[in-house]
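Data file: query-v8.cif. Format and content: mmCIF, C-alpha atoms, pLDDT in the B column; chains and numbers go by the auth columns.
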data_model
loop_
_atom_site.group_PDB
_atom_site.id
_atom_site.type_symbol
_atom_site.label_atom_id
_atom_site.label_comp_id
_atom_site.label_asym_id
_atom_site.label_seq_id
_atom_site.Cartn_x
_atom_site.Cartn_y
_atom_site.Cartn_z
_atom_site.B_iso_or_equiv
_atom_site.auth_seq_id
_atom_site.auth_asym_id
ATOM 1 C CA MET A 1 3.060 -31.896 -3.627 70.00 2 A
ATOM 2 C CA GLU A 2 1.352 -30.980 -0.352 77.00 3 A
ATOM 3 C CA ARG A 3 -0.627 -27.777 0.007 84.00 4 A
ATOM 4 C CA PRO A 4 1.617 -25.060 1.458 90.00 5 A
ATOM 5 C CA THR A 5 1.114 -23.416 4.829 93.00 6 A
ATOM 6 C CA PRO A 6 -0.988 -20.223 5.016 93.00 7 A
ATOM 7 C CA THR A 7 2.210 -18.188 5.355 94.00 8 A
ATOM 8 C CA VAL A 8 3.695 -19.675 2.197 96.00 9 A
ATOM 9 C CA GLU A 9 0.377 -19.136 0.407 95.00 10 A
ATOM 10 C CA ASP A 10 0.582 -15.451 1.342 95.00 11 A
ATOM 11 C CA TYR A 11 4.114 -15.261 -0.081 97.00 12 A
ATOM 12 C CA LEU A 12 3.011 -17.003 -3.269 97.00 13 A
ATOM 13 C CA GLY A 13 0.152 -14.539 -3.678 96.00 14 A
ATOM 14 C CA ALA A 14 2.493 -11.594 -3.182 96.00 15 A
ATOM 15 C CA ILE A 15 5.041 -12.947 -5.663 97.00 16 A
ATOM 16 C CA TYR A 16 2.275 -13.588 -8.200 97.00 17 A
ATOM 17 C CA THR A 17 0.910 -10.043 -7.868 96.00 18 A
ATOM 18 C CA LEU A 18 4.310 -8.388 -8.153 95.00 19 A
ATOM 19 C CA SER A 19 5.260 -10.565 -11.129 95.00 20 A
ATOM 20 C CA ARG A 20 1.916 -9.846 -12.807 94.00 21 A
ATOM 21 C CA ASP A 21 2.787 -6.151 -12.687 91.00 22 A
ATOM 22 C CA GLU A 22 6.281 -6.889 -14.043 90.00 23 A
ATOM 23 C CA GLU A 23 8.005 -5.777 -10.859 91.00 24 A
ATOM 24 C CA PRO A 24 11.267 -7.533 -9.962 94.00 25 A
ATOM 25 C CA VAL A 25 10.566 -9.687 -6.912 96.00 26 A
ATOM 26 C CA ILE A 26 13.392 -9.331 -4.419 96.00 27 A
ATOM 27 C CA GLY A 27 13.643 -9.949 -0.698 95.00 28 A
ATOM 28 C CA ARG A 28 13.369 -6.294 0.278 95.00 29 A
ATOM 29 C CA LYS A 29 10.156 -5.835 -1.704 95.00 30 A
ATOM 30 C CA LEU A 30 8.670 -8.978 -0.176 95.00 31 A
ATOM 31 C CA ALA A 31 9.614 -7.758 3.308 95.00 32 A
ATOM 32 C CA ASP A 32 7.741 -4.503 2.662 94.00 33 A
ATOM 33 C CA TRP A 33 4.739 -6.315 1.197 94.00 34 A
ATOM 34 C CA MET A 34 4.523 -8.920 3.960 93.00 35 A
ATOM 35 C CA GLU A 35 5.459 -6.396 6.672 93.00 36 A
ATOM 36 C CA VAL A 36 8.136 -8.640 8.135 95.00 37 A
ATOM 37 C CA SER A 37 11.893 -8.407 8.614 95.00 38 A
ATOM 38 C CA ALA A 38 14.407 -9.227 5.893 94.00 39 A
ATOM 39 C CA PRO A 39 15.739 -12.261 7.830 95.00 40 A
ATOM 40 C CA THR A 40 12.196 -13.638 8.061 96.00 41 A
ATOM 41 C CA VAL A 41 11.771 -13.312 4.291 96.00 42 A
ATOM 42 C CA THR A 42 15.132 -14.979 3.688 96.00 43 A
ATOM 43 C CA ALA A 43 14.219 -17.955 5.873 97.00 44 A
ATOM 44 C CA THR A 44 10.776 -18.357 4.298 97.00 45 A
ATOM 45 C CA VAL A 45 12.058 -18.060 0.729 97.00 46 A
ATOM 46 C CA GLN A 46 14.763 -20.622 1.444 96.00 47 A
ATOM 47 C CA ARG A 47 12.052 -23.077 2.549 96.00 48 A
ATOM 48 C CA MET A 48 10.026 -22.270 -0.556 97.00 49 A
ATOM 49 C CA VAL A 49 13.069 -22.970 -2.750 97.00 50 A
ATOM 50 C CA ARG A 50 13.615 -26.255 -0.922 96.00 51 A
ATOM 51 C CA ASP A 51 9.978 -27.247 -1.399 96.00 52 A
ATOM 52 C CA GLY A 52 9.934 -26.367 -5.095 96.00 53 A
ATOM 53 C CA TRP A 53 7.624 -23.347 -5.045 98.00 54 A
ATOM 54 C CA VAL A 54 10.177 -20.751 -6.200 98.00 55 A
ATOM 55 C CA VAL A 55 13.676 -20.391 -7.565 97.00 56 A
ATOM 56 C CA MET A 56 16.171 -17.626 -6.862 95.00 57 A
ATOM 57 C CA ARG A 57 18.315 -16.488 -9.747 95.00 58 A
ATOM 58 C CA ASP A 58 21.862 -15.163 -9.604 94.00 59 A
ATOM 59 C CA ASP A 59 20.586 -11.569 -9.503 94.00 60 A
ATOM 60 C CA LYS A 60 18.630 -12.448 -6.317 94.00 61 A
ATOM 61 C CA THR A 61 15.245 -12.115 -8.021 96.00 62 A
ATOM 62 C CA ILE A 62 12.613 -14.646 -6.963 98.00 63 A
ATOM 63 C CA HIS A 63 10.520 -16.509 -9.536 98.00 64 A
ATOM 64 C CA LEU A 64 7.648 -18.960 -9.278 98.00 65 A
ATOM 65 C CA THR A 65 8.219 -22.493 -10.504 98.00 66 A
ATOM 66 C CA GLU A 66 5.473 -24.171 -12.521 97.00 67 A
ATOM 67 C CA ALA A 67 4.104 -25.691 -9.320 97.00 68 A
ATOM 68 C CA GLY A 68 4.474 -22.353 -7.578 97.00 69 A
ATOM 69 C CA LEU A 69 2.568 -20.538 -10.329 97.00 70 A
ATOM 70 C CA ASP A 70 -0.264 -23.069 -10.216 96.00 71 A
ATOM 71 C CA MET A 71 -0.561 -22.697 -6.455 95.00 72 A
ATOM 72 C CA ALA A 72 -0.196 -18.904 -6.526 96.00 73 A
ATOM 73 C CA THR A 73 -2.955 -18.669 -9.130 95.00 74 A
ATOM 74 C CA SER A 74 -5.179 -20.779 -6.875 93.00 75 A
ATOM 75 C CA VAL A 75 -4.378 -18.600 -3.853 94.00 76 A
ATOM 76 C CA VAL A 76 -5.109 -15.318 -5.612 95.00 77 A
ATOM 77 C CA ARG A 77 -8.267 -16.698 -7.218 93.00 78 A
ATOM 78 C CA ARG A 78 -9.571 -17.977 -3.868 93.00 79 A
ATOM 79 C CA HIS A 79 -8.834 -14.619 -2.288 94.00 80 A
ATOM 80 C CA MET A 80 -10.669 -12.636 -4.969 95.00 81 A
ATOM 81 C CA LEU A 81 -13.624 -15.017 -5.033 93.00 82 A
ATOM 82 C CA THR A 82 -13.893 -14.687 -1.267 93.00 83 A
ATOM 83 C CA GLU A 83 -13.857 -10.904 -1.627 95.00 84 A
ATOM 84 C CA LEU A 84 -16.698 -11.099 -4.150 94.00 85 A
ATOM 85 C CA LEU A 85 -18.710 -13.382 -1.880 93.00 86 A
ATOM 86 C CA LEU A 86 -18.235 -11.074 1.086 94.00 87 A
ATOM 87 C CA ALA A 87 -19.113 -7.952 -0.880 94.00 88 A
ATOM 88 C CA ARG A 88 -22.006 -9.207 -2.991 92.00 89 A
ATOM 89 C CA VAL A 89 -23.677 -11.816 -0.825 92.00 90 A
ATOM 90 C CA LEU A 90 -22.817 -10.842 2.747 93.00 91 A
ATOM 91 C CA GLY A 91 -22.729 -7.077 2.229 95.00 92 A
ATOM 92 C CA VAL A 92 -19.383 -6.579 3.947 96.00 93 A
ATOM 93 C CA PRO A 93 -18.179 -2.975 3.472 96.00 94 A
ATOM 94 C CA TRP A 94 -15.874 -2.510 0.508 96.00 95 A
ATOM 95 C CA ALA A 95 -12.946 -1.351 2.615 95.00 96 A
ATOM 96 C CA ARG A 96 -13.072 -4.490 4.790 95.00 97 A
ATOM 97 C CA VAL A 97 -13.417 -7.285 2.254 95.00 98 A
ATOM 98 C CA HIS A 98 -9.675 -7.590 1.552 95.00 99 A
ATOM 99 C CA ALA A 99 -8.736 -8.096 5.207 93.00 100 A
ATOM 100 C CA GLU A 100 -11.665 -10.453 5.817 93.00 101 A
ATOM 101 C CA ALA A 101 -10.802 -12.494 2.723 94.00 102 A
ATOM 102 C CA ASP A 102 -7.206 -12.773 3.964 91.00 103 A
ATOM 103 C CA ARG A 103 -8.529 -14.532 7.052 89.00 104 A
ATOM 104 C CA MET A 104 -10.907 -16.839 5.182 88.00 105 A
ATOM 105 C CA GLU A 105 -9.147 -17.789 1.945 84.00 106 A
ATOM 106 C CA HIS A 106 -6.783 -20.374 3.417 83.00 107 A
ATOM 107 C CA GLY A 107 -9.650 -22.546 4.599 81.00 108 A
ATOM 108 C CA LEU A 108 -11.558 -22.410 1.320 80.00 109 A
ATOM 109 C CA SER A 109 -11.629 -25.852 -0.280 81.00 110 A
ATOM 110 C CA ALA A 110 -11.449 -26.386 -4.028 82.00 111 A
ATOM 111 C CA ASP A 111 -15.078 -27.514 -4.029 86.00 112 A
ATOM 112 C CA ILE A 112 -16.332 -24.409 -2.236 85.00 113 A
ATOM 113 C CA ALA A 113 -14.153 -22.168 -4.402 84.00 114 A
ATOM 114 C CA ALA A 114 -15.762 -23.745 -7.476 86.00 115 A
ATOM 115 C CA ARG A 115 -19.230 -23.126 -6.037 88.00 116 A
ATOM 116 C CA VAL A 116 -18.394 -19.485 -5.358 86.00 117 A
ATOM 117 C CA ALA A 117 -17.009 -19.144 -8.888 84.00 118 A
ATOM 118 C CA ASP A 118 -20.283 -20.495 -10.288 87.00 119 A
ATOM 119 C CA LEU A 119 -22.207 -18.007 -8.151 86.00 120 A
ATOM 120 C CA MET A 120 -19.994 -15.151 -9.392 82.00 121 A
ATOM 121 C CA ASP A 121 -19.773 -16.373 -12.978 75.00 122 A
ATOM 122 C CA ASP A 122 -20.022 -12.860 -14.410 69.00 123 A
ATOM 123 C CA SER A 123 -17.040 -11.542 -12.474 82.00 124 A
ATOM 124 C CA ASN A 124 -13.610 -11.122 -14.030 91.00 125 A
ATOM 125 C CA LEU A 125 -12.604 -8.466 -11.492 94.00 126 A
ATOM 126 C CA CYS A 126 -12.509 -8.397 -7.707 95.00 127 A
ATOM 127 C CA PRO A 127 -14.480 -5.690 -5.832 95.00 128 A
ATOM 128 C CA HIS A 128 -11.444 -3.432 -6.085 97.00 129 A
ATOM 129 C CA GLY A 129 -11.216 -3.799 -9.872 96.00 130 A
ATOM 130 C CA ASN A 130 -8.147 -6.054 -9.944 96.00 131 A
ATOM 131 C CA PRO A 131 -8.334 -8.883 -12.502 95.00 132 A
ATOM 132 C CA LEU A 132 -8.800 -12.480 -11.445 94.00 133 A
ATOM 133 C CA PRO A 133 -6.063 -14.825 -12.715 94.00 134 A
ATOM 134 C CA GLY A 134 -6.649 -15.466 -16.397 92.00 135 A
ATOM 135 C CA TYR A 135 -8.315 -12.099 -16.942 93.00 136 A
ATOM 136 C CA GLU A 136 -5.280 -9.832 -16.693 92.00 137 A
ATOM 137 C CA HIS A 137 -6.159 -8.343 -20.077 91.00 138 A
ATOM 138 C CA GLU A 138 -9.187 -6.673 -18.479 91.00 139 A
ATOM 139 C CA ALA A 139 -6.896 -4.171 -16.766 90.00 140 A
ATOM 140 C CA SER A 140 -5.514 -2.998 -20.127 91.00 141 A
ATOM 141 C CA ARG A 141 -8.813 -1.166 -20.700 91.00 142 A
ATOM 142 C CA PHE A 142 -8.186 1.153 -17.761 95.00 143 A
ATOM 143 C CA ALA A 143 -6.340 4.474 -17.771 95.00 144 A
ATOM 144 C CA PRO A 144 -4.124 5.695 -14.914 96.00 145 A
ATOM 145 C CA LEU A 145 -5.855 8.308 -12.783 96.00 146 A
ATOM 146 C CA LEU A 146 -2.808 10.544 -13.113 94.00 147 A
ATOM 147 C CA ASP A 147 -3.321 10.642 -16.902 93.00 148 A
ATOM 148 C CA CYS A 148 -6.793 12.157 -16.497 91.00 149 A
ATOM 149 C CA GLN A 149 -7.598 15.538 -17.976 89.00 150 A
ATOM 150 C CA PRO A 150 -8.554 18.251 -15.465 89.00 151 A
ATOM 151 C CA GLY A 151 -12.264 18.973 -15.548 90.00 152 A
ATOM 152 C CA ALA A 152 -13.214 15.709 -17.280 89.00 153 A
ATOM 153 C CA GLN A 153 -15.393 13.165 -15.502 92.00 154 A
ATOM 154 C CA TYR A 154 -14.297 9.543 -15.159 95.00 155 A
ATOM 155 C CA THR A 155 -15.485 6.372 -13.462 96.00 156 A
ATOM 156 C CA VAL A 156 -13.133 4.707 -10.994 97.00 157 A
ATOM 157 C CA ALA A 157 -12.150 1.260 -12.309 97.00 158 A
ATOM 158 C CA ARG A 158 -9.381 -0.158 -10.154 97.00 159 A
ATOM 159 C CA VAL A 159 -7.658 0.226 -6.792 97.00 160 A
ATOM 160 C CA HIS A 160 -4.388 -1.717 -6.806 96.00 161 A
ATOM 161 C CA GLU A 161 -3.521 -4.404 -4.243 95.00 162 A
ATOM 162 C CA GLU A 162 -0.744 -2.137 -2.959 93.00 163 A
ATOM 163 C CA VAL A 163 -3.487 0.122 -1.602 95.00 164 A
ATOM 164 C CA GLU A 164 -5.700 -2.760 -0.445 94.00 165 A
ATOM 165 C CA ARG A 165 -3.046 -3.687 2.119 91.00 166 A
ATOM 166 C CA ASN A 166 -3.667 -0.405 3.994 94.00 167 A
ATOM 167 C CA ALA A 167 -6.978 -0.798 5.853 93.00 168 A
ATOM 168 C CA GLU A 168 -7.042 2.807 7.059 96.00 169 A
ATOM 169 C CA LEU A 169 -6.445 4.131 3.556 97.00 170 A
ATOM 170 C CA MET A 170 -9.157 1.852 2.145 97.00 171 A
ATOM 171 C CA GLN A 171 -11.635 3.245 4.676 97.00 172 A
ATOM 172 C CA PHE A 172 -10.616 6.760 3.672 97.00 173 A
ATOM 173 C CA LEU A 173 -11.182 6.055 -0.020 97.00 174 A
ATOM 174 C CA GLU A 174 -14.570 4.449 0.629 97.00 175 A
ATOM 175 C CA ALA A 175 -15.664 7.335 2.852 96.00 176 A
ATOM 176 C CA HIS A 176 -14.824 9.800 0.076 97.00 177 A
ATOM 177 C CA GLY A 177 -16.343 7.832 -2.817 96.00 178 A
ATOM 178 C CA VAL A 178 -13.104 6.785 -4.505 97.00 179 A
ATOM 179 C CA VAL A 179 -14.231 3.238 -5.249 97.00 180 A
ATOM 180 C CA PRO A 180 -14.866 1.337 -8.491 96.00 181 A
ATOM 181 C CA GLY A 181 -18.092 2.356 -10.165 95.00 182 A
ATOM 182 C CA HIS A 182 -18.120 5.866 -8.678 96.00 183 A
ATOM 183 C CA GLN A 183 -17.500 8.984 -10.731 95.00 184 A
ATOM 184 C CA VAL A 184 -14.659 11.406 -10.102 95.00 185 A
ATOM 185 C CA THR A 185 -13.410 14.578 -11.721 94.00 186 A
ATOM 186 C CA MET A 186 -9.796 15.706 -11.438 92.00 187 A
ATOM 187 C CA SER A 187 -9.948 19.243 -10.116 92.00 188 A
ATOM 188 C CA GLU A 188 -6.245 19.871 -9.669 90.00 189 A
ATOM 189 C CA LEU A 189 -2.892 18.100 -10.066 88.00 190 A
ATOM 190 C CA LEU A 190 0.043 19.704 -8.266 90.00 191 A
ATOM 191 C CA PRO A 191 3.293 17.835 -8.988 86.00 192 A
ATOM 192 C CA PHE A 192 5.330 20.263 -6.855 89.00 193 A
ATOM 193 C CA ASN A 193 3.052 19.493 -3.893 89.00 194 A
ATOM 194 C CA GLU A 194 2.697 15.827 -4.872 94.00 195 A
ATOM 195 C CA THR A 195 -1.096 15.925 -4.553 94.00 196 A
ATOM 196 C CA VAL A 196 -4.165 15.514 -6.721 95.00 197 A
ATOM 197 C CA THR A 197 -7.576 16.940 -5.865 95.00 198 A
ATOM 198 C CA LEU A 198 -10.670 15.022 -6.945 96.00 199 A
ATOM 199 C CA ALA A 199 -14.316 16.021 -6.984 96.00 200 A
ATOM 200 C CA THR A 200 -16.323 12.914 -6.113 95.00 201 A
ATOM 201 C CA GLU A 201 -19.992 12.111 -5.604 93.00 202 A
ATOM 202 C CA LEU A 202 -19.411 12.697 -1.883 94.00 203 A
ATOM 203 C CA GLY A 203 -17.415 15.922 -2.101 94.00 204 A
ATOM 204 C CA GLU A 204 -13.800 16.911 -2.640 95.00 205 A
ATOM 205 C CA VAL A 205 -10.801 14.827 -1.604 96.00 206 A
ATOM 206 C CA VAL A 206 -7.044 15.368 -1.791 96.00 207 A
ATOM 207 C CA LEU A 207 -4.773 12.380 -2.439 96.00 208 A
ATOM 208 C CA GLY A 208 -1.007 12.134 -2.458 96.00 209 A
ATOM 209 C CA LEU A 209 0.569 11.083 -5.739 96.00 210 A
ATOM 210 C CA ALA A 210 1.988 8.058 -3.894 95.00 211 A
ATOM 211 C CA VAL A 211 -1.603 6.827 -3.541 96.00 212 A
ATOM 212 C CA ALA A 212 -3.054 8.207 -6.776 96.00 213 A
ATOM 213 C CA GLN A 213 -0.497 6.270 -8.849 96.00 214 A
ATOM 214 C CA TYR A 214 -2.272 3.056 -7.807 96.00 215 A
ATOM 215 C CA LEU A 215 -5.706 4.148 -9.062 97.00 216 A
ATOM 216 C CA TRP A 216 -7.184 3.627 -12.541 97.00 217 A
ATOM 217 C CA VAL A 217 -10.321 4.852 -14.273 97.00 218 A
ATOM 218 C CA TYR A 218 -12.424 3.902 -17.268 94.00 219 A
ATOM 219 C CA PRO A 219 -11.683 6.107 -20.267 84.00 220 A
ATOM 220 C CA PRO A 220 -14.541 8.475 -21.199 77.00 221 A
ATOM 221 C CA GLY A 221 -17.293 6.670 -23.064 66.00 222 A
ATOM 222 C CA GLU A 222 -16.826 3.269 -21.369 66.00 223 A
#
Can the structure in the file be given as structure tokens, please?
Amino acid sequence: MERPTPTVEDYLGAIYTLSRDEEPVIGRKLADWMEVSAPTVTATVQRMVRDGWVVMRDDKTIHLTEAGLDMATSVVRRHMLTELLLARVLGVPWARVHAEADRMEHGLSADIAARVADLMDDSNLCPHGNPLPGYEHEASRFAPLLDCQPGAQYTVARVHEEVERNAELMQFLEAHGVVPGHQVTMSELLPFNETVTLATELGEVVLGLAVAQYLWVYPPGE
């Protein structure tokens, strides 16, 4: 089977990520994720079904075939390895590595990906704390930020791919110290206002619950 186009690779990566998190993959969700129209998703998915990358069940959910899963795993792994290379070796700012990796990953050969993997052989997580394929169990160690106890100090562990897609939001989080490895303390959680206030190493920051739900921390003591 030939390597898919960059667009199809992006769809495979999105389907993999949503499936990993046990979210039903439907056309509307893919349209939101890919930031394209519903007809565009329909046309692309139809081609992917034709080419054997996915199947669509009677309930309209989209699932990777065996070939699709193999390719999706390769796509996501290449993306995360590229992020690690950019962050660790080239010193690209944390908030930019996702977008830069999106542009580079499609041209990364299997040989170069293997070389990067050897260079980053101690890394099971991308710079944003999301697990590389095969290391999904790593994320089970993390606790949702919204489960934190007020006044207790935690270390940020993970910023979900849903947030990574928003470059402006990523810059905001980096500017306020809400990045993996940095300590935060929950000062206030206001469900009625749908906000959470965090004390970080760089000061105080207020996040909406719509964002905070995609953040995880290491439990105390880890």
Looking at A:Glu202, A:Asp52, A:Asp22, A:Glu106, which one is nearest to Ala68 (chain A), with distances taken over all atoms listed in the file?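 Under the stated criterion, the closest residue is A:Asp52.
Counting from CA of His138 (chain A), the distance to CA of Leu216 (chain A) is 16.7 Å.
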Fewer than 6 positions away in the same chain doesn't count, so skip those; otherwise give me all residues within 12 Å of region 112-129 of chain A, counting all atoms listed in the file, as a PDB file with C-alpha atoms, in the frame of the given file.
ATOM      1  CA  SER A  75      -5.179 -20.779  -6.875  1.00 93.00           C
ATOM      2  CA  VAL A  76      -4.378 -18.600  -3.853  1.00 94.00           C
ATOM      3  CA  VAL A  77      -5.109 -15.318  -5.612  1.00 95.00           C
ATOM      4  CA  ARG A  78      -8.267 -16.698  -7.218  1.00 93.00           C
ATOM      5  CA  ARG A  79      -9.571 -17.977  -3.868  1.00 93.00           C
ATOM      6  CA  HIS A  80      -8.834 -14.619  -2.288  1.00 94.00           C
ATOM      7  CA  MET A  81     -10.669 -12.636  -4.969  1.00 95.00           C
ATOM      8  CA  LEU A  82     -13.624 -15.017  -5.033  1.00 93.00           C
ATOM      9  CA  THR A  83     -13.893 -14.687  -1.267  1.00 93.00           C
ATOM     10  CA  GLU A  84     -13.857 -10.904  -1.627  1.00 95.00           C
ATOM     11  CA  LEU A  85     -16.698 -11.099  -4.150  1.00 94.00           C
ATOM     12  CA  LEU A  86     -18.710 -13.382  -1.880  1.00 93.00           C
ATOM     13  CA  LEU A  87     -18.235 -11.074   1.086  1.00 94.00           C
ATOM     14  CA  ALA A  88     -19.113  -7.952  -0.880  1.00 94.00           C
ATOM     15  CA  ARG A  89     -22.006  -9.207  -2.991  1.00 92.00           C
ATOM     16  CA  VAL A  90     -23.677 -11.816  -0.825  1.00 92.00           C
ATOM     17  CA  GLY A  92     -22.729  -7.077   2.229  1.00 95.00           C
ATOM     18  CA  VAL A  93     -19.383  -6.579   3.947  1.00 96.00           C
ATOM     19  CA  PRO A  94     -18.179  -2.975   3.472  1.00 96.00           C
ATOM     20  CA  TRP A  95     -15.874  -2.510   0.508  1.00 96.00           C
ATOM     21  CA  ALA A  96     -12.946  -1.351   2.615  1.00 95.00           C
ATOM     22  CA  ARG A  97     -13.072  -4.490   4.790  1.00 95.00           C
ATOM     23  CA  VAL A  98     -13.417  -7.285   2.254  1.00 95.00           C
ATOM     24  CA  HIS A  99      -9.675  -7.590   1.552  1.00 95.00           C
ATOM     25  CA  ALA A 102     -10.802 -12.494   2.723  1.00 94.00           C
ATOM     26  CA  MET A 105     -10.907 -16.839   5.182  1.00 88.00           C
ATOM     27  CA  GLU A 106      -9.147 -17.789   1.945  1.00 84.00           C
ATOM     28  CA  GLY A 135      -6.649 -15.466 -16.397  1.00 92.00           C
ATOM     29  CA  TYR A 136      -8.315 -12.099 -16.942  1.00 93.00           C
ATOM     30  CA  GLU A 137      -5.280  -9.832 -16.693  1.00 92.00           C
ATOM     31  CA  HIS A 138      -6.159  -8.343 -20.077  1.00 91.00           C
ATOM     32  CA  GLU A 139      -9.187  -6.673 -18.479  1.00 91.00           C
ATOM     33  CA  ALA A 140      -6.896  -4.171 -16.766  1.00 90.00           C
ATOM     34  CA  VAL A 157     -13.133   4.707 -10.994  1.00 97.00           C
ATOM     35  CA  ALA A 158     -12.150   1.260 -12.309  1.00 97.00           C
ATOM     36  CA  ARG A 159      -9.381  -0.158 -10.154  1.00 97.00           C
ATOM     37  CA  VAL A 160      -7.658   0.226  -6.792  1.00 97.00           C
ATOM     38  CA  HIS A 161      -4.388  -1.717  -6.806  1.00 96.00           C
ATOM     39  CA  GLU A 162      -3.521  -4.404  -4.243  1.00 95.00           C
ATOM     40  CA  GLU A 163      -0.744  -2.137  -2.959  1.00 93.00           C
ATOM     41  CA  VAL A 164      -3.487   0.122  -1.602  1.00 95.00           C
ATOM     42  CA  GLU A 165      -5.700  -2.760  -0.445  1.00 94.00           C
ATOM     43  CA  ARG A 166      -3.046  -3.687   2.119  1.00 91.00           C
ATOM     44  CA  MET A 171      -9.157   1.852   2.145  1.00 97.00           C
ATOM     45  CA  LEU A 174     -11.182   6.055  -0.020  1.00 97.00           C
ATOM     46  CA  GLU A 175     -14.570   4.449   0.629  1.00 97.00           C
ATOM     47  CA  VAL A 179     -13.104   6.785  -4.505  1.00 97.00           C
ATOM     48  CA  VAL A 180     -14.231   3.238  -5.249  1.00 97.00           C
ATOM     49  CA  PRO A 181     -14.866   1.337  -8.491  1.00 96.00           C
ATOM     50  CA  GLY A 182     -18.092   2.356 -10.165  1.00 95.00           C
ATOM     51  CA  HIS A 183     -18.120   5.866  -8.678  1.00 96.00           C
ATOM     52  CA  TYR A 215      -2.272   3.056  -7.807  1.00 96.00           C
ATOM     53  CA  LEU A 216      -5.706   4.148  -9.062  1.00 97.00           C
ATOM     54  CA  TRP A 217      -7.184   3.627 -12.541  1.00 97.00           C
ATOM     55  CA  VAL A 218     -10.321   4.852 -14.273  1.00 97.00           C
TER      56      VAL A 218
END
Would you pick out the contacts of Leu70 (chain A) at 10 Å or less, using only C-alpha atoms, so that residues sharing its chain but fewer than 4 positions from it are not included, and give the list as a list in words? Leu13, Gly14, Ile16, Tyr17, Trp54, Val55, His64, Leu65, Thr66, Thr74, Ser75 and Val76 of chain A
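Closest approach to Ile27 (chain A) among A:Ala15, A:Leu210, A:Ala176, A:Met2: A:Ala15, based on all atoms listed in the file.
Ranking A:Leu146, A:Ala73, A:Val42, A:Val26 by their shortest atom-to-atom distance to Met57 (chain A), with all atoms listed in the file included, puts A:Val26 first.
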Please, what distance in Å, to one decimal, runs between CA of Asp59 (chain A) and CA of Asp11 (chain A)? 23.9 Å
Taking the file as shown, find all residues satisfying the PyMOL selection byres ((chain A and resi 209) around 10) and write them as an MDAnalysis selection string. chainID A and resid 190:192 194:198 207:208 210:214
Keeping C-alpha atoms for every residue in the selection just given, could you write it to a file as an mmCIF file, in the frame of the given file?
data_model
loop_
_atom_site.group_PDB
_atom_site.id
_atom_site.type_symbol
_atom_site.label_atom_id
_atom_site.label_comp_id
_atom_site.auth_asym_id
_atom_site.auth_seq_id
_atom_site.Cartn_x
_atom_site.Cartn_y
_atom_site.Cartn_z
ATOM 1 C CA LEU A 190 -2.892 18.100 -10.066
ATOM 2 C CA LEU A 191 0.043 19.704 -8.266
ATOM 3 C CA PRO A 192 3.293 17.835 -8.988
ATOM 4 C CA ASN A 194 3.052 19.493 -3.893
ATOM 5 C CA GLU A 195 2.697 15.827 -4.872
ATOM 6 C CA THR A 196 -1.096 15.925 -4.553
ATOM 7 C CA VAL A 197 -4.165 15.514 -6.721
ATOM 8 C CA THR A 198 -7.576 16.940 -5.865
ATOM 9 C CA VAL A 207 -7.044 15.368 -1.791
ATOM 10 C CA LEU A 208 -4.773 12.380 -2.439
ATOM 11 C CA LEU A 210 0.569 11.083 -5.739
ATOM 12 C CA ALA A 211 1.988 8.058 -3.894
ATOM 13 C CA VAL A 212 -1.603 6.827 -3.541
ATOM 14 C CA ALA A 213 -3.054 8.207 -6.776
ATOM 15 C CA GLN A 214 -0.497 6.270 -8.849
#
In Å, rounded to a single decimal, give me how far CA of Val185 (chain A) is from CA of Ala200 (chain A). 5.6 Å
Can you tell me which residues surround Ser38 (chain A) at a distance of at most 10 Å, considering only C-alpha atoms, apart from same-chain residues fewer than 6 positions away, and format the answer as a ChimeraX atom specification? /A:28-29,31-32
Write a file of the selected residues as an mmCIF file, in the frame of the given file, keeping C-alpha atoms.
data_model
loop_
_atom_site.group_PDB
_atom_site.id
_atom_site.type_symbol
_atom_site.label_atom_id
_atom_site.label_comp_id
_atom_site.auth_asym_id
_atom_site.auth_seq_id
_atom_site.Cartn_x
_atom_site.Cartn_y
_atom_site.Cartn_z
ATOM 1 C CA GLY A 28 13.643 -9.949 -0.698
ATOM 2 C CA ARG A 29 13.369 -6.294 0.278
ATOM 3 C CA LEU A 31 8.670 -8.978 -0.176
ATOM 4 C CA ALA A 32 9.614 -7.758 3.308
#
Hits from the PyMOL selection byres ((chain A and resi 221) around 10), listed as a list in words: Ala144, Cys149, Ala153, Gln154, Tyr155, Thr156, Val218, Tyr219, Pro220, Gly222 and Glu223 of chain A
Quick one: write out the picked residues with C-alpha atoms as a PDB file, keeping the file's coordinate frame?
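Written out: again05.pdb:
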ATOM      1  CA  ALA A 144      -6.340   4.474 -17.771  1.00 95.00           C
ATOM      2  CA  CYS A 149      -6.793  12.157 -16.497  1.00 91.00           C
ATOM      3  CA  ALA A 153     -13.214  15.709 -17.280  1.00 89.00           C
ATOM      4  CA  GLN A 154     -15.393  13.165 -15.502  1.00 92.00           C
ATOM      5  CA  TYR A 155     -14.297   9.543 -15.159  1.00 95.00           C
ATOM      6  CA  THR A 156     -15.485   6.372 -13.462  1.00 96.00           C
ATOM      7  CA  VAL A 218     -10.321   4.852 -14.273  1.00 97.00           C
ATOM      8  CA  TYR A 219     -12.424   3.902 -17.268  1.00 94.00           C
ATOM      9  CA  PRO A 220     -11.683   6.107 -20.267  1.00 84.00           C
ATOM     10  CA  GLY A 222     -17.293   6.670 -23.064  1.00 66.00           C
ATOM     11  CA  GLU A 223     -16.826   3.269 -21.369  1.00 66.00           C
TER      12      GLU A 223
END
Mind giving me the axis-aligned box for region 194-200 of chain A with 8 Å on every side, centre plus edges in Å to one decimal, as JSON?
{"center_x": -5.6, "center_y": 17.3, "center_z": -5.4, "size_x": 33.4, "size_y": 20.5, "size_z": 19.1}
With distances taken over only C-alpha atoms, which residue among A:Ala39, A:Pro25, A:Pro7, A:Arg48 lies nearest Thr62 (chain A)?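 Of all the options, A:Pro25 lies closest to Thr62 (chain A).
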Counting all atoms listed in the file, the option among A:Ser188, A:Thr8, A:Gln150, A:Asn131 closest to Asp103 (chain A): A:Thr8
